[in-house]
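What follows is a single structure, written as structure tokens, with notes after it.
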Amino acid sequence: MRITVIGSGAIGALVAGYLKLKEEDVLLIGRGESIAAIRKKGINISGVRGNFKVNIPIKEKVDSFAEVVVLATKTQDIQVVLESNSGLLKDSIIITTQNGVQAEKIVSKYFPVENIISSIVMFGSTYLKPAEVVHNFEGSWILGKLSNITIDEKIVELSKTLDKAFPVVISEDITGMKYLKIFVNANNCIPAILGVSMQEAFSDIMVSRVSINILREGFDIISKSGIKLVSLPGFPLENITKLISLPLEEAARIYSGMMTKLSKEALYGSILQSIKRNRLSEIDFINGEFVSLAKEHNLSAGLNSRLVSMVHQVELNKRFFNKDEFLENVKEYLN
């Protein structure tokens with residue numbers, strides 16, 4: 001089975017690297033600086049499994065057929081990638097890995113839904129610089145089909161290969177899980193606004209109070225939109241429902257303790273990693289999903305709207321907010 005991984009960032013490089021270590025036939029597709037660095041010194045992986053150097057072929061564009069294509073770009077880059085490579089991908093199985101719920105909608109404009117496998121990555125990684133990634137924490141790789149498409153032998157067989165890199169879970173309701181994963185990622189916007197690690201950002205109780213209110217507002221929007229959330233492996237729905245039901249100060253302290261102990265290495269969420277690479281982040285597909293749903297159902301998303309706007313300010317102005325500025329901007333949501 002030939003596997004092409006499109007995207008050489010935190011997820012793409014880690015997935016390609018681990019599969020290559022298991023002697024799978026893997027081709028990585030990247031951009032200029034990554035291509036030069038990986039060709040010169042391979043992919044250097046550090047973190048929870050130790051240190052590895054993986055030599056792997058990397059190209060700028062797909063130039064041959066692969067049975068499986070792991071799409072590891074940001075959601076906003078999918079259209080360009082597919083338009084420039086769709087000819088060679090038309091008979092491939094396409095696996096999405098993006099946060100949010102919009103990736104599959106975009107991919108389905110180019111490929112039949114039976115060729116699309118939706119996935120959720122529960123493991124964490126950080127892109128340090130071209131050819132260097134940190135594997136911060138372990139987690140499963142969840143696979144599922146789009147609505148009304150039954151699980152078939154194809155996905156079961158594929159799971160055996162991908163399981164060599166990360167433990168694979170096959171879900172009958174991947175959509176409900178993807179909506180819950182938005183809550184897992186929803187607070188990544190705060191370190192991105194502050195320009196600091198997740199551990200540093202959430203060590204502050206006032207900042208963590210904002211985090212709880214992000215989750216409360218998002219849960220209210222999801223519930224009133226009629227969306228059913230489904231528990232993730234290692235992250236049951238009760239993690240959210242119990243947390244947001246507690247008094248704000250207690251919930252903030254619990255959340256702060258969880259986040260500061262999440263990884264021994266400094267952990268930077270996907271939004272901040274994009275900003276540090278001078279690229280647009282996926283904020284519109286995470287917190288922005290709450291905002292879109294609120295607009296569609298005539299609901300309020302004041303806090304999430306404010307945070308989306310602040311991330312875009314950081315992207316545009318190349319300047320992070322300090323903690324006092326951040327708290328001043330969200331002070332109405334601290335209680």
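Following the order of the structure tokens, first chain is A, next is B, and so on, with residues numbered from 1 inside each chain and ligands from 1 in the order they appear.
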### Query
If you run DSSP on this backbone, which residues of stretch 109-199 of chain A come out as strand (DSSP E), and could you give them as number ranges by chain?
A: 116-121, 124-129, 132-137, 141-144, 168-171
### Message
When you look at A:Val314 with a cut-off of 12 Å (counting only C-alpha atoms), what residues show up, excluding the ones that are within fewer than 6 positions of it in the same chain? I need them as number ranges by chain.
### Response
A: 189-195, 271-272, 274-276, 278-281, 283, 307-308, 320-322, 326
I'd like a table as a tab-separated table: residues in stretch 135-210 of chain A with an atom no more than 10 Å from stretch 10-31 of chain A, each row giving the shortest atom pair and its distance in Å to one decimal, only C-alpha atoms counted, sorted by chain and rising residue number.
```
residue	atom	partner	partner_atom	distance
A:His135	CA	A:Leu14	CA	7.4
A:Thr161	CA	A:Glu24	CA	8.3
A:Leu162	CA	A:Leu19	CA	7.4
A:Asp163	CA	A:Leu19	CA	9.2
A:Lys164	CA	A:Leu19	CA	6.7
A:Ala165	CA	A:Tyr18	CA	5.3
A:Phe166	CA	A:Val15	CA	8.4
```
Long-range neighbours of A:Glu138 as a compact mmCIF listing (two decimals) with C-alpha atoms, in the first residue's frame, 9 Å cut-off, only C-alpha atoms, 4 positions minimum in chain:
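For reference, selection.txt as written:
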```
# COMPACT_ATOMS: atom_id res chain seq x y z
CA VAL A 48 7.25 10.89 24.24
CA ARG A 49 8.67 7.98 22.20
CA MET A 122 -6.02 12.72 19.42
CA PHE A 123 -2.23 12.73 19.68
CA GLY A 124 -0.40 16.02 20.07
CA PHE A 166 -1.02 5.29 16.24
```
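Closest approach to A:Glu315 among A:Ser203, A:Ser125, A:Gln273, A:Ser197: A:Gln273, based on only C-alpha atoms.
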### Separation of atom CA of A:Phe52 from atom CA of A:Ile94 in Å
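Separation between atom CA of A:Ile94 and atom CA of A:Phe52: 27.3 Å.
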### Query
Would you give me, as a VMD selection string, the residues in stretch 204-274 of chain A that DSSP reads as helix (DSSP H, G or I)?
chain A and resid 205 to 224 238 to 245 248 to 260 270 to 274
### Query
Hey, what's within 9 Å of A:Asp91 if we count only C-alpha atoms and toss same-chain stuff fewer than 5 positions away? As a list in words, please?
Phe65, Ala66, Glu67, Phe111 and Asn115 of chain A
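With only C-alpha atoms as the basis for measurement, A:Leu267 is the residue among A:Val291, A:Leu267, A:Leu299, A:Leu215 that approaches A:Gln199 most closely.
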### Message
Here is a test: counting only C-alpha atoms, which residue of A:Asn85, A:Asn213, A:Ser46, A:Thr175 is nearest to A:Lys228?
### Response
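Going through A:Asn85, A:Asn213, A:Ser46, A:Thr175 one by one, the smallest distance to A:Lys228 is for A:Thr175.
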### Task
Give me the residues within 9 Å of A:Lys129 as a list in words, counting only C-alpha atoms and dropping any in the same chain fewer than 6 places off.
Gly9, Ser34 and Arg277 of chain A
Got time to write the residues from that selection, C-alpha atoms, as a PDB file, in the first residue's frame?
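Output (part.pdb):
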```pdb
ATOM      1  CA  GLY A   9       3.813  20.249   9.436  1.00  0.00           C
ATOM      2  CA  SER A  34      10.429  21.891   4.397  1.00  0.00           C
ATOM      3  CA  ARG A 277       5.094  30.243  10.619  1.00  0.00           C
TER       4      ARG A 277
END
```
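Atom CA of A:Val121 is found 15.4 Å from atom CA of A:Val69.
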### Nearby residues (only C-alpha atoms) at most 10 Å from A:Ala301, same-chain spacing under 4 positions excluded, as a count of residues only
15
### Task
Find the residue from A:Trp141, A:Phe202, A:Tyr333, A:Phe183 that sits nearest to A:Tyr268; use only C-alpha atoms when measuring.
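Closest to A:Tyr268 of all the choices is A:Phe202.
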#### Entry: Exercise: stretch 38-40 of chain A partners within 8 Å, only C-alpha atoms, chain neighbours under 6 positions left out, as a VMD selection string
chain A and resid 55 to 58 130 to 131
